[in-house]
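Trainee: Next up is a structure, given as structure tokens.
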Amino acid sequence: MHARFLYPLGFGILATGLWEVLWRALRIPLWILPAPSGVMLKLYSMREYVWPHIRVTVIEVLAGFVIAFVLAITIAALVIFFEQLGWVLLPYIVIVRTIPILAIAPLLLMWFGFGLWPKIAVVILISFFPIVINAIRGLRSTDYRIMELMDSVSATRMQVFLKVRTRASLPLVFAGLKIAITSSVIGAVVGEFIGADTGLGYLIINASTRLDTELLFSAMVLLAALGLSLFGLVAAAERYFVFWGHQEST
Amino acid sequence: MAGATGGVGAPGGPIVRLERVGLHYRTANGDLLEAVRKADLEIAAGEFVSLIGPSGCGKTTILKLISNLLAPTQGRILVQGEPPSEAKRRRQFGFVFQDSVLLPWRTVMENATLLLEIVGIERDRMTSKVTELLGLVGLRGFEGRYPHELSGGMRQRVSMVRALSLDPAILLMDEPFGALDEMTRDRMNMELLRIWEATGTTIVFVTHSIPEAVFLSQRVVVMSARPGQIKEIVPIDLPRPRQVQVKDSVPFIGYTRRIRDLINGMGE
């Protein structure tokens, strides 16, 4: 395996080992902090029970992320073609971003019911902003000399958009997507905190009311794994689509 | 090539004519700035002319005025006997910038055909046209490479192919080799002369390098700064085709010294 992966993995194993050793040496009570070994055993013994919760959270994250992505890219493209639309929308995009999710989450629950949709709505609210801001910046990030070239052959705005802007925007779009995908995981969990009977967020609430720290940490380990894998997928897509690296278009 | 024929409106006349051209513009804090003052210049079809001078002397501005990227505030400009906007509409201008400004996600071939795609040339003609030009600059075999896999000199060649792809009558080059090391630059100079001779294109060339200007040009336009104006036009009478050895000859050194004196004599 590549050192790029071995190093952080080694660090994780080392830190977990130290935690285990200290936990045993200091005789830390289980209700304050579980041992890594206990968490792993819990996770293993409850794998059947935990699985549907993982599934629900993954669905919420992916659905919200994809919808936010489509919405954000569409709006960013419209803003490129109709500058005034950007003037109108941008302040409201910022306002929506500053709304405390916890304040409107109960409303979302009332509007969308108890199922998946209020959680998906929270994910959209959280992940929309970094994508739209970076996509607008990316679509505008074209070298002025390329624009002069396009102008010298009387290219239409649509031609400039399709042949230059879309691809030129990718490095920044992916920067936004990387922030958005991790925020999406948080969004889904926050959505589940407000009112849910499945999902990893529900599992966390449930475990903490029962002081089941091993289950609590199990859920957090799963969330970490979920966040890491989704981030890895986005990063892999970035490497595939932005194969020329982040260097300037020289 | 098609674009290399003389002026449409004025057969036999200059391909580019600047008459008492001036450009004022207002800066962000409201000052009126004079970028170009009373520039008179005639460029013959097929000529190689260099613009040289200190930073801020309006060399690049002159290129932008000729190609209709800027409009003069005084005087008038004719390209092929018409306003530059007309020449632009007929796609008579090719551009080469200091860095190649290639699209990094496009291969050499795709970058070279970019402008042809925009114009809507059919694929077969596009490919054969660009393949011919890639051969001319020695890039055959690199069609499928991406810009980040090429050296600076090779990228600049692709950018030259892109500029020539539409057979422009006038090639406007803004310090095209300024970012290259000296040896690559010498080689590119030789290549450019070869391309110029092969295509018959008129070339207006902006540079900071006096030897480069003397080596390439038929005439060197020496400019001064603040306000940008044409100080003197120096005809270069050196044998053609030019060889690198000419740079060591007495007349060559005479020209470079004269132009250096002209530039230094007006700076301070």
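In the structure tokens, the first chain shown is A, the next is B, and so on; residue numbers restart at 1 for each chain, and ligands run from 1 in the order shown.
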Give me the residues near Glu232 of chain B as a PDB file with C-alpha atoms, in the first residue's frame, where near means some atom within 8 Å (using only C-alpha atoms) and where sequence neighbours in that chain fewer than 4 positions away do not count.
Mentor:
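To be explicit, this is the file written out as out-v1.pdb:
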```pdb
ATOM      1  CA  VAL B 221       8.866  50.436 -33.994  1.00  0.00           C
ATOM      2  CA  VAL B 222      10.544  52.015 -30.958  1.00  0.00           C
ATOM      3  CA  MET B 223       8.084  53.417 -28.419  1.00  0.00           C
TER       4      MET B 223
END
```
Trainee: Compute the chain B side of the contact with chain A at 9 Å, counting only C-alpha atoms, and hand it back as a ChimeraX atom specification.
Mentor: /B:67-69,88-95,97,99-105,114-116,118-119,146-148,152,155,163
Trainee: List the spatial neighbours of segment 60-77 of chain A as a count of residues only - criterion: any atom at most 7 Å away, only C-alpha atoms, same-chain residues fewer than 3 positions off excluded.
Mentor: 20
Trainee: Rounded to one decimal in Å, what is the spacing between atom CA of Gly265 of chain B and atom CA of Gly22 of chain B?
Mentor: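 Computed distance, atom CA of Gly265 of chain B to atom CA of Gly22 of chain B, equals 22.8 Å.
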Trainee: Would you compute the distance between atom CA of Leu108 of chain A and atom CA of Val234 of chain A? Give it in Å to one decimal.
Mentor: 28.1 Å
Trainee: Here is a test: counting only C-alpha atoms, which residue of B:Glu34, B:Asp237, B:Glu212, B:Glu191 is nearest to Gly135 of chain B?
Mentor: B:Glu191
Trainee: Atom CA of Ile77 of chain B and atom CA of Pro14 of chain B, how far apart in Å?
Mentor: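 Computing it gives 11.4 Å between the two atoms.
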Trainee: Which residues, written as a list of chain:residue names, have at least one atom at most 7 Å from Gly195 of chain A, with only C-alpha atoms counted and residues fewer than 2 positions away on the same chain left out?
Mentor: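 Final neighbour list, sorted by chain and number: A:Phe114, A:Glu192, A:Phe193.
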Trainee: Name the closest residue to Pro235 of chain B among the candidates B:Val49, B:Met160, B:Leu171, B:Leu63; distances are taken between atoms, counting only C-alpha atoms.
Mentor: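 Of all the options, B:Val49 lies closest to Pro235 of chain B.
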Trainee: When you count only C-alpha atoms, which of these residues is closest to Ile133 of chain A: A:Ile99, A:Ile179, A:Met46, A:Leu30?
Mentor: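 Residue with the minimum atom-to-atom distance to Ile133 of chain A: A:Ile179.
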Trainee: Taking the backbone alone, and naming residues the way the document does, which bits of segment 75-190 of chain A are alpha helix (DSSP H) by DSSP, as a PyMOL selection string?
Mentor: chain A and resi 75-81+83-98+101-112+117-140+144-152+157-160+166-190
Trainee: Taking 4 positions as the minimum chain separation for residues in the same chain, which residues sit within 7 Å of Phe174 of chain A when counting only C-alpha atoms? Answer as a PyMOL selection string.
Mentor: chain A and resi 170+178+238
Trainee: Pick out the residues sitting within 10 Å of Ile43 of chain B, and hand them over as an NGL selection string; count only C-alpha atoms, and ignore anything fewer than 5 positions along from it in its own chain.
Mentor: :B and (13-18 or 48-49 or 79 or 202-204 or 219)
Trainee: Name the closest residue to Ala235 of chain A among the candidates A:Ala15, A:Ala175, A:Ile104, A:Leu9; distances are taken between atoms, counting only C-alpha atoms.
Mentor: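 So, comparing all the options, the nearest one is A:Ala175.
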